[in-house]
file start-v9.cif (mmCIF, C-alpha atoms and all ligand atoms)
data_structure
#
loop_
_atom_site.label_atom_id
_atom_site.label_comp_id
_atom_site.auth_asym_id
_atom_site.auth_seq_id
_atom_site.Cartn_x
_atom_site.Cartn_y
_atom_site.Cartn_z
CA MET E 903 114.24 174.38 122.60
CA PRO E 904 112.47 170.99 122.58
CA SER E 905 112.31 168.72 125.57
CA LEU E 906 114.73 165.88 124.92
CA HIS E 907 113.88 162.41 126.17
CA PHE E 908 116.49 159.64 126.15
CA THR E 909 114.61 156.44 126.73
CA ASN E 910 113.90 152.97 125.47
CA GLN E 911 110.35 153.26 126.94
CA VAL E 912 109.07 155.08 123.86
CA ASP E 913 105.36 154.33 124.33
CA ALA E 914 105.21 155.52 127.93
CA THR E 915 107.09 158.69 126.96
CA LEU E 916 104.89 159.42 123.94
CA ILE E 917 101.71 158.88 125.95
CA LYS E 918 102.91 161.46 128.49
CA ILE E 919 103.79 163.95 125.75
CA ILE E 920 100.49 163.46 123.91
CA GLU E 921 98.36 163.66 127.08
CA GLY E 922 100.36 166.60 128.41
CA GLY E 923 99.76 168.60 125.23
CA SER E 924 95.96 168.07 125.17
CA TYR E 925 96.03 167.70 121.38
CA ASN E 926 92.69 167.14 119.67
CA ARG E 927 94.17 164.86 116.98
CA VAL E 928 97.43 163.08 116.32
CA ALA E 929 98.96 162.24 112.95
CA VAL E 930 102.13 160.23 112.37
CA LEU E 931 104.44 160.66 109.38
CA VAL E 932 106.36 157.57 108.29
CA ASP E 933 108.20 156.44 105.17
CA GLY E 934 107.69 153.04 103.56
CA ASN E 935 110.37 151.43 105.74
CA THR E 936 109.41 152.92 109.08
CA ARG E 937 105.73 152.14 108.41
CA GLN E 938 106.62 148.50 108.05
CA LEU E 939 109.47 148.11 110.55
CA VAL E 940 108.86 150.69 113.24
CA LEU E 941 105.22 151.85 113.41
CA PRO E 942 103.85 148.41 114.46
CA ARG E 943 106.19 148.58 117.48
CA VAL E 944 104.73 151.89 118.72
CA GLN E 945 101.39 151.08 120.32
CA SER E 946 100.85 154.63 121.53
CA LEU E 947 100.35 155.69 117.89
CA ALA E 948 97.89 152.91 117.04
CA ASN E 949 95.02 155.39 116.66
CA ALA E 950 96.97 158.15 114.94
CA HIS E 951 96.18 159.24 111.38
CA VAL E 952 98.99 157.61 109.37
CA ILE E 953 100.66 159.65 106.61
CA GLU E 954 103.21 157.83 104.46
CA MET E 955 105.85 159.35 102.20
CA PRO E 956 108.23 157.42 99.96
CA ALA E 957 111.63 156.65 101.55
CA GLY E 958 114.89 158.30 100.55
CA ASP E 959 116.43 161.77 100.30
CA ILE E 960 115.30 161.98 96.67
CA ASN E 961 111.73 162.16 97.98
CA LYS E 962 112.44 164.99 100.43
CA ASN E 963 110.78 167.28 97.92
CA LEU E 964 107.84 169.54 97.23
CA ASP E 965 105.59 166.70 96.02
CA SER E 966 105.99 164.82 99.29
CA LEU E 967 105.50 168.04 101.26
CA ALA E 968 102.25 168.78 99.39
CA HIS E 969 101.14 165.19 100.03
CA VAL E 970 101.69 165.62 103.77
CA TRP E 971 99.79 168.95 103.83
CA GLU E 972 96.94 167.27 101.94
CA GLN E 973 96.85 164.37 104.38
CA LEU E 974 96.91 166.70 107.36
CA GLN E 975 93.86 168.39 105.87
CA LEU E 976 92.09 165.11 105.10
CA GLY E 977 92.82 163.85 108.60
CA GLY E 978 91.07 166.91 110.02
CA MET E 979 94.14 168.32 111.76
CA THR E 980 93.72 171.76 113.34
CA ARG E 981 96.12 174.16 115.02
CA HIS E 982 95.68 172.11 118.19
CA SER E 983 96.76 168.85 116.56
CA LEU E 984 100.11 167.10 116.74
CA LEU E 985 102.30 165.57 114.03
CA VAL E 986 104.70 162.84 115.16
CA ASN E 987 107.60 162.34 112.73
CA LEU E 988 108.66 158.69 113.01
CA GLY E 989 111.67 158.09 110.80
CA GLY E 990 115.14 159.15 109.81
CA GLY E 991 116.35 162.60 108.83
CA VAL E 992 114.21 162.66 105.69
CA VAL E 993 111.00 162.23 107.69
CA THR E 994 111.96 164.63 110.49
CA ASP E 995 113.21 167.32 108.05
CA LEU E 996 110.13 167.16 105.82
CA GLY E 997 107.64 166.52 108.61
CA GLY E 998 109.06 169.42 110.62
CA LEU E 999 108.60 171.75 107.66
CA ALA E 1000 105.09 170.43 106.97
CA ALA E 1001 104.08 171.00 110.60
CA ALA E 1002 105.75 174.42 110.82
CA THR E 1003 103.81 175.66 107.81
CA PHE E 1004 100.43 173.89 108.04
CA LYS E 1005 97.86 176.43 109.31
CA ARG E 1006 100.84 178.69 110.14
CA GLY E 1007 102.33 176.06 112.38
CA ILE E 1008 101.16 173.08 114.41
CA SER E 1009 103.15 171.19 117.07
CA PHE E 1010 105.40 168.32 116.08
CA VAL E 1011 107.39 165.68 117.91
CA ASN E 1012 110.39 163.93 116.39
CA VAL E 1013 111.04 160.26 117.05
CA PRO E 1014 114.25 159.55 115.10
CA THR E 1015 114.63 155.95 113.98
CA THR E 1016 118.14 156.19 112.47
CA LEU E 1017 121.34 156.97 114.37
CA LEU E 1018 122.02 159.92 112.04
CA GLY E 1019 118.54 161.22 112.75
CA ALA E 1020 119.00 160.81 116.50
CA VAL E 1021 122.42 162.41 116.71
CA ASP E 1022 121.85 165.16 114.19
CA ALA E 1023 118.76 165.70 112.02
CA ALA E 1024 115.98 165.39 114.60
CA VAL E 1025 117.51 167.90 117.01
CA GLY E 1026 118.52 171.48 116.38
CA GLY E 1027 115.52 173.11 114.75
CA LYS E 1028 116.47 172.88 111.07
CA THR E 1029 113.71 171.60 108.78
CA GLY E 1030 113.63 171.51 105.01
CA ILE E 1031 113.29 169.93 101.61
CA ASN E 1032 115.53 169.75 98.55
CA PHE E 1033 114.53 172.06 95.72
CA GLY E 1034 115.79 173.07 92.27
CA GLY E 1035 118.56 170.48 92.44
CA LEU E 1036 119.89 171.88 95.73
CA LYS E 1037 119.89 170.12 99.10
CA ASN E 1038 117.83 171.66 101.89
CA GLU E 1039 117.12 174.70 99.73
CA ILE E 1040 113.70 175.46 101.22
CA GLY E 1041 113.09 175.26 104.95
CA VAL E 1042 112.59 177.04 108.21
CA PHE E 1043 114.04 176.93 111.69
CA ALA E 1044 111.32 175.37 113.83
CA SER E 1045 111.67 173.66 117.16
CA ALA E 1046 109.98 170.33 117.85
CA ALA E 1047 107.82 170.28 120.97
CA ALA E 1048 109.80 167.20 122.01
CA VAL E 1049 112.33 164.75 120.66
CA VAL E 1050 112.23 161.16 121.84
CA VAL E 1051 115.63 159.55 121.36
CA SER E 1052 115.75 155.79 121.64
CA THR E 1053 118.11 153.09 120.41
CA CYS E 1054 115.45 150.38 120.34
CA PHE E 1055 114.60 150.95 116.66
CA PHE E 1056 118.18 150.60 115.44
CA SER E 1057 118.00 146.78 115.47
CA THR E 1058 116.55 146.82 111.92
CA LEU E 1059 118.91 149.52 110.64
CA PRO E 1060 121.47 148.42 108.04
CA GLN E 1061 125.03 148.44 109.52
CA GLN E 1062 126.08 151.11 107.04
CA GLU E 1063 123.40 153.49 108.34
CA LEU E 1064 124.57 152.88 111.90
CA MET E 1065 128.19 153.62 110.96
CA SER E 1066 127.10 156.72 109.10
CA GLY E 1067 125.44 158.16 112.21
CA PHE E 1068 128.40 157.18 114.35
CA ALA E 1069 130.66 159.50 112.35
CA GLU E 1070 128.57 162.47 113.54
CA MET E 1071 129.07 161.24 117.11
CA LEU E 1072 132.82 161.22 116.46
CA LYS E 1073 132.51 164.81 115.23
CA HIS E 1074 130.64 165.88 118.37
CA ALA E 1075 133.26 164.18 120.54
CA MET E 1076 136.05 166.05 118.73
CA LEU E 1077 134.22 169.31 119.38
CA ASP E 1078 133.87 168.41 123.05
CA SER E 1079 137.00 166.93 124.62
CA GLU E 1080 139.82 164.43 124.34
CA SER E 1081 138.11 162.18 126.89
CA GLN E 1082 134.95 161.97 124.73
CA VAL E 1083 137.09 161.10 121.70
CA GLU E 1084 138.82 158.34 123.72
CA LYS E 1085 135.38 156.87 124.53
CA ILE E 1086 134.31 156.90 120.89
CA LEU E 1087 137.56 155.39 119.63
CA GLY E 1088 137.10 152.56 122.15
CA VAL E 1089 133.73 151.42 120.72
CA ASP E 1090 133.56 148.17 118.75
CA LEU E 1091 131.31 149.19 115.88
CA ASN E 1092 130.51 145.59 115.03
CA ASP E 1093 129.03 144.90 118.42
CA ILE E 1094 127.27 147.98 119.77
CA ASP E 1095 125.43 147.70 123.07
CA CYS E 1096 122.06 149.55 122.88
CA ASP E 1097 122.08 150.85 126.46
CA LEU E 1098 125.67 152.07 126.16
CA LEU E 1099 124.80 153.71 122.83
CA LEU E 1100 121.82 155.49 124.41
CA SER E 1101 124.01 157.03 127.10
CA MET E 1102 126.68 157.97 124.53
CA LEU E 1103 123.96 159.54 122.37
CA GLN E 1104 122.90 161.66 125.31
CA GLU E 1105 126.45 162.96 125.79
CA SER E 1106 126.79 163.51 122.06
CA LEU E 1107 123.55 165.47 121.80
CA ASN E 1108 124.51 167.58 124.80
CA VAL E 1109 127.46 168.81 122.74
CA LYS E 1110 125.23 169.71 119.79
CA MET E 1111 122.58 171.35 122.00
CA ARG E 1112 125.17 173.41 123.88
CA ILE E 1113 126.44 174.82 120.58
CA VAL E 1114 122.99 175.29 118.99
CA HIS E 1115 121.76 177.02 122.15
CA GLN E 1116 124.50 179.66 121.83
CA ASP E 1117 123.71 180.31 118.16
CA PRO E 1118 120.36 178.86 117.01
CA THR E 1119 120.38 180.43 113.50
CA GLU E 1120 124.02 179.71 112.57
CA HIS E 1121 125.64 183.13 112.44
CA GLY E 1122 128.65 182.19 114.54
CA ILE E 1123 129.70 179.27 116.73
CA ARG E 1124 127.08 176.87 115.27
CA LYS E 1125 129.43 176.69 112.27
CA ALA E 1126 131.65 174.56 114.51
CA LEU E 1127 129.16 171.75 113.79
CA ASN E 1128 130.42 171.80 110.20
CA LEU E 1129 133.67 170.21 111.30
CA GLY E 1130 134.57 167.55 108.73
CA HIS E 1131 131.85 168.76 106.37
CA THR E 1132 133.70 171.17 104.05
CA VAL E 1133 135.89 168.35 102.79
CA GLY E 1134 133.23 165.69 103.48
CA HIS E 1135 130.66 167.42 101.25
CA ALA E 1136 133.24 167.64 98.45
CA PHE E 1137 133.86 163.87 98.68
CA GLU E 1138 130.08 163.28 98.78
CA SER E 1139 129.46 165.47 95.71
CA LYS E 1140 132.36 163.91 93.78
CA ALA E 1141 130.98 160.42 94.46
CA MET E 1142 127.47 161.55 93.54
CA ASN E 1143 128.66 163.10 90.26
CA GLU E 1144 130.31 159.79 89.40
CA GLY E 1145 127.05 157.94 89.98
CA ALA E 1146 128.45 156.05 92.98
CA PRO E 1147 126.99 157.86 96.02
CA ILE E 1148 128.55 157.31 99.44
CA PRO E 1149 126.69 157.53 102.77
CA HIS E 1150 126.88 161.04 104.28
CA GLY E 1151 128.54 159.85 107.51
CA TYR E 1152 131.33 158.05 105.64
CA ALA E 1153 132.10 161.28 103.78
CA VAL E 1154 132.13 163.08 107.14
CA ALA E 1155 134.51 160.50 108.67
CA TRP E 1156 136.99 160.98 105.81
CA GLY E 1157 136.42 164.75 105.91
CA LEU E 1158 137.24 164.73 109.63
CA VAL E 1159 140.61 163.13 108.86
CA VAL E 1160 141.51 165.74 106.20
CA GLU E 1161 140.35 168.58 108.44
CA ALA E 1162 142.33 167.14 111.37
CA VAL E 1163 145.39 167.22 109.07
CA LEU E 1164 144.65 170.89 108.29
CA SER E 1165 144.18 171.51 112.02
CA HIS E 1166 147.61 169.98 112.66
CA MET E 1167 149.23 172.02 109.89
CA LEU E 1168 147.62 175.35 110.76
CA LEU E 1169 146.67 175.23 114.44
CA GLY E 1170 149.06 172.70 115.99
CA PHE E 1171 146.43 169.94 116.55
CA SER E 1172 148.25 166.96 118.12
CA SER E 1173 149.86 164.58 115.64
CA GLU E 1174 149.28 161.67 118.02
CA MET E 1175 145.52 162.32 118.03
CA LEU E 1176 145.58 162.71 114.25
CA TYR E 1177 147.21 159.28 113.79
CA ARG E 1178 144.76 157.60 116.16
CA LEU E 1179 141.76 159.23 114.47
CA ALA E 1180 143.02 158.28 111.00
CA SER E 1181 143.60 154.69 112.02
CA PHE E 1182 140.10 154.40 113.59
CA VAL E 1183 138.50 155.83 110.44
CA LYS E 1184 140.60 153.66 108.13
CA SER E 1185 139.78 150.44 109.95
CA ASN E 1186 136.04 151.17 110.32
CA TYR E 1187 135.18 153.17 107.20
CA GLY E 1188 137.95 152.27 104.77
CA ALA E 1189 139.19 155.16 102.63
CA PHE E 1190 137.78 157.40 99.94
CA TYR E 1191 140.07 156.74 96.99
CA ILE E 1192 141.61 159.82 95.37
CA THR E 1193 144.77 160.62 93.46
CA CYS E 1194 146.42 164.01 92.91
CA ASP E 1195 144.54 164.20 89.61
CA HIS E 1196 141.34 164.74 91.63
CA TYR E 1197 142.59 167.67 93.71
CA ASP E 1198 141.39 170.45 91.40
CA GLU E 1199 137.92 168.93 91.14
CA LEU E 1200 137.69 168.61 94.93
CA ILE E 1201 138.92 172.17 95.48
CA ASN E 1202 136.32 173.40 93.03
CA LEU E 1203 133.59 171.55 94.90
CA MET E 1204 134.79 173.03 98.22
CA ARG E 1205 134.67 176.52 96.69
CA HIS E 1206 131.04 175.93 95.76
CA ASP E 1207 130.04 174.65 99.18
CA LYS E 1208 126.97 176.46 100.56
CA LYS E 1209 128.99 177.76 103.51
CA THR E 1210 131.71 179.30 101.33
CA ILE E 1211 131.97 183.10 101.19
CA ASP E 1212 133.35 184.81 98.04
CA GLY E 1213 134.79 181.59 96.64
CA GLU E 1214 137.26 181.19 99.52
CA ILE E 1215 137.41 177.82 101.19
CA ASN E 1216 136.21 178.21 104.73
CA CYS E 1217 136.58 175.54 107.38
CA THR E 1218 136.08 174.90 111.06
CA LEU E 1219 139.32 173.49 112.50
CA LEU E 1220 140.50 172.41 115.95
CA SER E 1221 143.48 173.60 117.96
CA THR E 1222 142.81 170.67 120.32
CA CYS E 1223 139.82 168.37 120.80
CA GLY E 1224 137.25 170.65 122.45
CA ASN E 1225 138.64 173.88 120.98
CA PRO E 1226 137.05 174.58 117.61
CA ILE E 1227 138.06 177.68 115.66
CA ILE E 1228 135.50 178.71 113.03
CA ASN E 1229 136.05 180.64 109.76
CA ASN E 1230 139.57 179.50 108.85
CA THR E 1231 140.41 180.45 105.27
CA ILE E 1232 142.25 177.61 103.57
CA THR E 1233 144.55 178.12 100.59
CA THR E 1234 144.64 175.65 97.72
CA ASP E 1235 148.26 174.79 98.65
CA ASN E 1236 147.11 173.89 102.18
CA ILE E 1237 144.33 171.68 100.83
CA LYS E 1238 146.67 169.92 98.41
CA ALA E 1239 149.21 169.28 101.18
CA ALA E 1240 146.44 168.00 103.48
CA LEU E 1241 145.07 165.66 100.79
CA ASP E 1242 148.63 164.31 100.25
CA ILE E 1243 148.91 163.52 103.96
CA TYR E 1244 145.38 162.04 104.00
CA ARG E 1245 146.41 159.63 101.22
CA ASP E 1246 149.53 158.66 103.18
CA LEU E 1247 147.55 158.09 106.37
CA MET E 1248 144.95 156.02 104.52
CA GLY E 1249 147.54 154.07 102.56
CA ILE E 1250 146.19 155.05 99.14
N1 LIG B 1 117.98 168.99 109.95
C1 LIG B 1 119.25 168.75 110.17
O1 LIG B 1 119.91 169.43 110.98
C2 LIG B 1 119.91 167.63 109.46
C3 LIG B 1 121.17 167.18 109.88
C4 LIG B 1 121.74 166.08 109.23
C5 LIG B 1 121.05 165.46 108.18
N2 LIG B 1 119.84 165.93 107.80
C6 LIG B 1 119.09 165.28 106.71
O2 LIG B 1 118.77 163.96 107.13
C7 LIG B 1 118.66 163.12 106.00
C8 LIG B 1 119.50 161.89 106.24
O3 LIG B 1 119.03 161.23 107.39
P1 LIG B 1 119.01 159.64 107.50
O4 LIG B 1 120.37 159.11 107.29
O5 LIG B 1 118.30 159.31 108.76
O6 LIG B 1 118.19 159.24 106.19
P2 LIG B 1 116.76 158.56 105.92
O7 LIG B 1 115.69 159.22 106.67
O8 LIG B 1 116.64 158.51 104.46
O9 LIG B 1 116.96 157.08 106.52
C9 LIG B 1 117.87 156.20 105.91
C10 LIG B 1 117.17 154.91 105.47
O10 LIG B 1 116.86 154.13 106.63
C11 LIG B 1 115.48 153.77 106.60
N3 LIG B 1 115.10 153.61 108.01
C12 LIG B 1 114.80 154.58 108.90
N4 LIG B 1 114.66 154.05 110.11
C13 LIG B 1 114.84 152.71 109.99
C14 LIG B 1 114.86 151.63 110.91
N5 LIG B 1 114.68 151.81 112.22
N6 LIG B 1 115.12 150.40 110.43
C15 LIG B 1 115.35 150.20 109.10
N7 LIG B 1 115.39 151.18 108.19
C16 LIG B 1 115.13 152.43 108.65
C17 LIG B 1 114.81 154.86 105.85
O11 LIG B 1 113.57 154.46 105.33
C18 LIG B 1 115.84 155.14 104.75
O12 LIG B 1 115.71 154.21 103.73
C19 LIG B 1 119.12 163.93 104.80
O13 LIG B 1 118.00 164.37 104.08
C20 LIG B 1 119.85 165.11 105.43
O14 LIG B 1 119.79 166.26 104.63
C21 LIG B 1 119.25 166.99 108.42
ZN ZN B 2 126.51 165.80 108.70
#
call {"tool": "encode", "arguments": {"input": "start-v9.cif", "output": "structure tokens", "more": "lines below"}}
Ligand SMILES: NC(=O)c1ccc[n+]([C@@H]2O[C@H](COP(=O)([O-])OP(=O)(O)OC[C@H]3O[C@@H](n4cnc5c(N)ncnc54)[C@H](O)[C@@H]3O)[C@@H](O)[C@H]2O)c1
Ligand SMILES: [Zn+2]
result
Amino acid sequence: MPSLHFTNQVDATLIKIIEGGSYNRVAVLVDGNTRQLVLPRVQSLANAHVIEMPAGDINKNLDSLAHVWEQLQLGGMTRHSLLVNLGGGVVTDLGGLAAATFKRGISFVNVPTTLLGAVDAAVGGKTGINFGGLKNEIGVFASAAAVVVSTCFFSTLPQQELMSGFAEMLKHAMLDSESQVEKILGVDLNDIDCDLLLSMLQESLNVKMRIVHQDPTEHGIRKALNLGHTVGHAFESKAMNEGAPIPHGYAVAWGLVVEAVLSHMLLGFSSEMLYRLASFVKSNYGAFYITCDHYDELINLMRHDKKTIDGEINCTLLSTCGNPIINNTITTDNIKAALDIYRDLMGI
């Protein structure tokens, strides 16, 4: 497990990590945006060998991976060198895989610069690239030597990216307790305080780490972290197929509402909490527009989700906030009823 640092003193923390590891060379992986907006703010990496990949999930591919390997070679990196991944989930996923495979594995440190990266992608040991038209098809589990979580880079992040990451924090809160959910529902997303966000991020990551620690390679309880994602991925794929992609976190927020409806129907999840959750999501994320004509398409997408076994729709649900139940099999009638209620709750 990596050492996790929650700090807005990124330089001082990185200097300690770099000196403590006695690395012979340091490289930093950035994308076009983090090279311009973030790297100049990190003095401790001023002498690092800079490797740039193009921004965006579409570039989380084999070409970019080969480019990073090549640059690691050109920069003279050895097994005693360090790669710092300075960026969002694309950079930490690809950089983690590059480091884990270069010379059979060199150390890497993740410095997430998006909220989604900080709350999810940079922590938990999953690395990977997209391949053959499939997301995260090639990758390994590899733990960063350290993860430096800071909110100081979020000032340049588009509001939509911030909201997208916040949905994963809502998910973690739902997996943790009612009191964590209350905290999240009380946040004004248009006016987020950086110090408050840093402390909330720490609580949120504790939830993820507690679960990952029990099941690092996702054979059991780690599936709880898929809450909201069975339905969310179907919304995301539908939007993608229509050429109008939606941010991942928005899909998760809407997926959380549908899966909370299923939790209410099948496991007695509180209706009061369901209404409050739906109203928070509706006022901050709007709604994903669907009619009953889209149900079959969505069900089909859920059946083809990577986590599905034998074509049965499989979901993590909650009996209460803090009590996830994994591996619920959902019938098509249940999904249709839940989507009906989702449309009612969202006023569509
Ligand atoms: N490994 C995991 O467990 C895990 C979990 C969730 C998501 N992911 C992966 O993470 C990726 C999504 O992560 P993401 O949302 O961070 O995407 P991203 O890395 O593409 O970042 C989103 C955009 O923000 C830009 N950006 C980054 N930091 C910035 C900053 N401080 N200011 C301004 N712009 C900035 C990026 O250049 C990019 O254009 C996907 O590839 C997904 O598969 C991995
Ligand atoms: Zn997610």
call {"tool": "atom_distance", "arguments": {"input": "start-v9.cif", "atom1": "atom CA of Met955 of chain E", "atom2": "atom CA of Lys1037 of chain E"}}
result
18.0 Å
call {"tool": "closest_atom_pairs", "arguments": {"input": "start-v9.cif", "of": "chain E", "to": "ligand ZN 2 (chain B)", "cutoff": "9 Å", "atoms": "only C-alpha atoms and all ligand atoms", "output": "JSON lines"}}
result
{"residue": "E:Leu1018", "atom": "CA", "partner": "B:ZN2", "partner_atom": "ZN", "distance": 8.1}
{"residue": "E:Asp1022", "atom": "CA", "partner": "B:ZN2", "partner_atom": "ZN", "distance": 7.2}
{"residue": "E:Ala1023", "atom": "CA", "partner": "B:ZN2", "partner_atom": "ZN", "distance": 8.4}
{"residue": "E:Gly1067", "atom": "CA", "partner": "B:ZN2", "partner_atom": "ZN", "distance": 8.5}
{"residue": "E:Ala1069", "atom": "CA", "partner": "B:ZN2", "partner_atom": "ZN", "distance": 8.4}
{"residue": "E:Glu1070", "atom": "CA", "partner": "B:ZN2", "partner_atom": "ZN", "distance": 6.2}
{"residue": "E:Lys1073", "atom": "CA", "partner": "B:ZN2", "partner_atom": "ZN", "distance": 8.9}
{"residue": "E:Leu1127", "atom": "CA", "partner": "B:ZN2", "partner_atom": "ZN", "distance": 8.3}
{"residue": "E:Asn1128", "atom": "CA", "partner": "B:ZN2", "partner_atom": "ZN", "distance": 7.3}
{"residue": "E:Leu1129", "atom": "CA", "partner": "B:ZN2", "partner_atom": "ZN", "distance": 8.8}
{"residue": "E:Gly1130", "atom": "CA", "partner": "B:ZN2", "partner_atom": "ZN", "distance": 8.2}
{"residue": "E:His1131", "atom": "CA", "partner": "B:ZN2", "partner_atom": "ZN", "distance": 6.5}
{"residue": "E:Gly1134", "atom": "CA", "partner": "B:ZN2", "partner_atom": "ZN", "distance": 8.5}
{"residue": "E:His1135", "atom": "CA", "partner": "B:ZN2", "partner_atom": "ZN", "distance": 8.7}
{"residue": "E:His1150", "atom": "CA", "partner": "B:ZN2", "partner_atom": "ZN", "distance": 6.5}
{"residue": "E:Gly1151", "atom": "CA", "partner": "B:ZN2", "partner_atom": "ZN", "distance": 6.4}
{"residue": "E:Ala1153", "atom": "CA", "partner": "B:ZN2", "partner_atom": "ZN", "distance": 8.7}
{"residue": "E:Val1154", "atom": "CA", "partner": "B:ZN2", "partner_atom": "ZN", "distance": 6.4}
call {"tool": "closest_residue", "arguments": {"input": "start-v9.cif", "among": "E:Met1175, E:Ile1123, E:Leu939, E:Leu1036", "to": "Leu1087 of chain E", "atoms": "all atoms listed in the file"}}
result
E:Met1175
call {"tool": "atom_distance", "arguments": {"input": "start-v9.cif", "atom1": "atom CA of Ile953 of chain E", "atom2": "atom CA of Leu1064 of chain E"}}
result
25.4 Å
call {"tool": "closest_residue", "arguments": {"input": "start-v9.cif", "among": "E:Leu931, E:Asp1198, E:Gly1122, E:Gly989", "to": "Gln973 of chain E", "atoms": "all atoms listed in the file"}}
result
E:Leu931
call {"tool": "closest_atom_pairs", "arguments": {"input": "start-v9.cif", "of": "chain E", "to": "ligand LIG 1 (chain B)", "cutoff": "8 Å", "atoms": "only C-alpha atoms and all ligand atoms", "output": "tab-separated table"}}
result
residue	atom	partner	partner_atom	distance
E:Asp933	CA	B:LIG1	O11	5.7
E:Gly934	CA	B:LIG1	O11	6.3
E:Asn935	CA	B:LIG1	O11	4.4
E:Thr936	CA	B:LIG1	N4	5.5
E:Leu939	CA	B:LIG1	N6	6.1
E:Val940	CA	B:LIG1	N5	6.0
E:Ala957	CA	B:LIG1	O11	4.8
E:Gly958	CA	B:LIG1	O8	4.3
E:Asp959	CA	B:LIG1	O13	4.8
E:Lys962	CA	B:LIG1	O13	6.7
E:Gly989	CA	B:LIG1	C12	5.1
E:Gly990	CA	B:LIG1	O7	3.2
E:Gly991	CA	B:LIG1	O2	3.3
E:Val992	CA	B:LIG1	O7	3.9
E:Val993	CA	B:LIG1	O7	5.7
E:Thr994	CA	B:LIG1	N1	7.5
E:Asp995	CA	B:LIG1	N1	5.4
E:Pro1014	CA	B:LIG1	N4	7.4
E:Thr1015	CA	B:LIG1	N4	4.3
E:Thr1016	CA	B:LIG1	N4	4.7
E:Leu1017	CA	B:LIG1	O5	6.8
E:Leu1018	CA	B:LIG1	O5	5.0
E:Gly1019	CA	B:LIG1	O5	4.4
E:Ala1020	CA	B:LIG1	O5	7.9
E:Asp1022	CA	B:LIG1	C3	4.8
E:Ala1023	CA	B:LIG1	C2	3.4
E:Ala1024	CA	B:LIG1	N1	6.2
E:Val1025	CA	B:LIG1	O1	6.7
E:Gly1026	CA	B:LIG1	O1	5.9
E:Gly1027	CA	B:LIG1	N1	6.8
E:Lys1028	CA	B:LIG1	N1	4.3
E:Thr1029	CA	B:LIG1	N1	5.1
E:Gly1030	CA	B:LIG1	N1	7.0
E:Ile1031	CA	B:LIG1	O13	7.7
E:Lys1037	CA	B:LIG1	O14	6.7
E:Asn1038	CA	B:LIG1	O14	6.4
E:Phe1055	CA	B:LIG1	N5	4.5
E:Phe1056	CA	B:LIG1	N5	4.9
E:Ser1057	CA	B:LIG1	N6	6.8
E:Thr1058	CA	B:LIG1	N6	4.1
E:Leu1059	CA	B:LIG1	N6	3.9
E:Pro1060	CA	B:LIG1	C15	6.5
E:Glu1063	CA	B:LIG1	O4	6.5
E:Ser1066	CA	B:LIG1	O4	7.4
E:Gly1067	CA	B:LIG1	O4	7.1
E:Pro1149	CA	B:LIG1	O4	7.9
E:His1150	CA	B:LIG1	O4	7.4
call {"tool": "closest_residue", "arguments": {"input": "start-v9.cif", "among": "E:Gln1062, E:Ser1045, E:Ser1221, E:Gln1116", "to": "Ser905 of chain E", "atoms": "only C-alpha atoms"}}
result
E:Ser1045
call {"tool": "closest_residue", "arguments": {"input": "start-v9.cif", "among": "E:Cys1096, E:Val944, E:Leu1168, E:Glu1080", "to": "Ile917 of chain E", "atoms": "all atoms listed in the file"}}
result
E:Val944
call {"tool": "closest_residue", "arguments": {"input": "start-v9.cif", "among": "E:Lys1238, E:Lys1110, E:His907, E:Arg937", "to": "Val1013 of chain E", "atoms": "all atoms listed in the file"}}
result
E:His907
call {"tool": "closest_residue", "arguments": {"input": "start-v9.cif", "among": "E:Leu1099, E:Leu906, E:Leu1200, E:Ala1189", "to": "Ala1136 of chain E", "atoms": "only C-alpha atoms"}}
result
E:Leu1200
call {"tool": "atom_distance", "arguments": {"input": "start-v9.cif", "atom1": "atom CA of Val1114 of chain E", "atom2": "atom CA of Ala1046 of chain E"}}
result
14.0 Å
call {"tool": "residues_around", "arguments": {"input": "start-v9.cif", "residues": "Tyr1191 of chain E", "least_positions_apart": "5", "cutoff": "12 Å", "atoms": "only C-alpha atoms", "output": "MDAnalysis selection string"}}
result
chainID E and resid 1137 1140:1141 1148 1153 1156 1184 1196:1197 1241:1242 1244:1246 1248:1250
call {"tool": "residues_around", "arguments": {"input": "start-v9.cif", "residues": "Arg1112 of chain E", "least_positions_apart": "3", "cutoff": "12 Å", "atoms": "only C-alpha atoms", "output": "list in words"}}
result
Met903, Val1025, Gly1026, His1074, Leu1077, Asp1078, Glu1105, Ser1106, Leu1107, Asn1108, Val1109, His1115, Gln1116, Asp1117, Pro1118, Ile1123, Arg1124, Ala1126 and Leu1127 of chain E
call {"tool": "residues_around", "arguments": {"input": "start-v9.cif", "residues": "Leu1169 of chain E", "least_positions_apart": "3", "cutoff": "9 Å", "atoms": "only C-alpha atoms", "output": "list in words"}}
result
Leu1164, Ser1165, His1166, Leu1219, Leu1220, Ser1221 and Thr1222 of chain E
call {"tool": "write_last_selection", "arguments": {"input": "start-v9.cif", "atoms": "C-alpha atoms", "output": "mmCIF file, in the coordinates of the input"}}
result
data_model
loop_
_atom_site.group_PDB
_atom_site.id
_atom_site.type_symbol
_atom_site.label_atom_id
_atom_site.label_comp_id
_atom_site.auth_asym_id
_atom_site.auth_seq_id
_atom_site.Cartn_x
_atom_site.Cartn_y
_atom_site.Cartn_z
ATOM 1 C CA LEU E 1164 144.650 170.890 108.290
ATOM 2 C CA SER E 1165 144.180 171.510 112.020
ATOM 3 C CA HIS E 1166 147.610 169.980 112.660
ATOM 4 C CA LEU E 1219 139.320 173.490 112.500
ATOM 5 C CA LEU E 1220 140.500 172.410 115.950
ATOM 6 C CA SER E 1221 143.480 173.600 117.960
ATOM 7 C CA THR E 1222 142.810 170.670 120.320
#
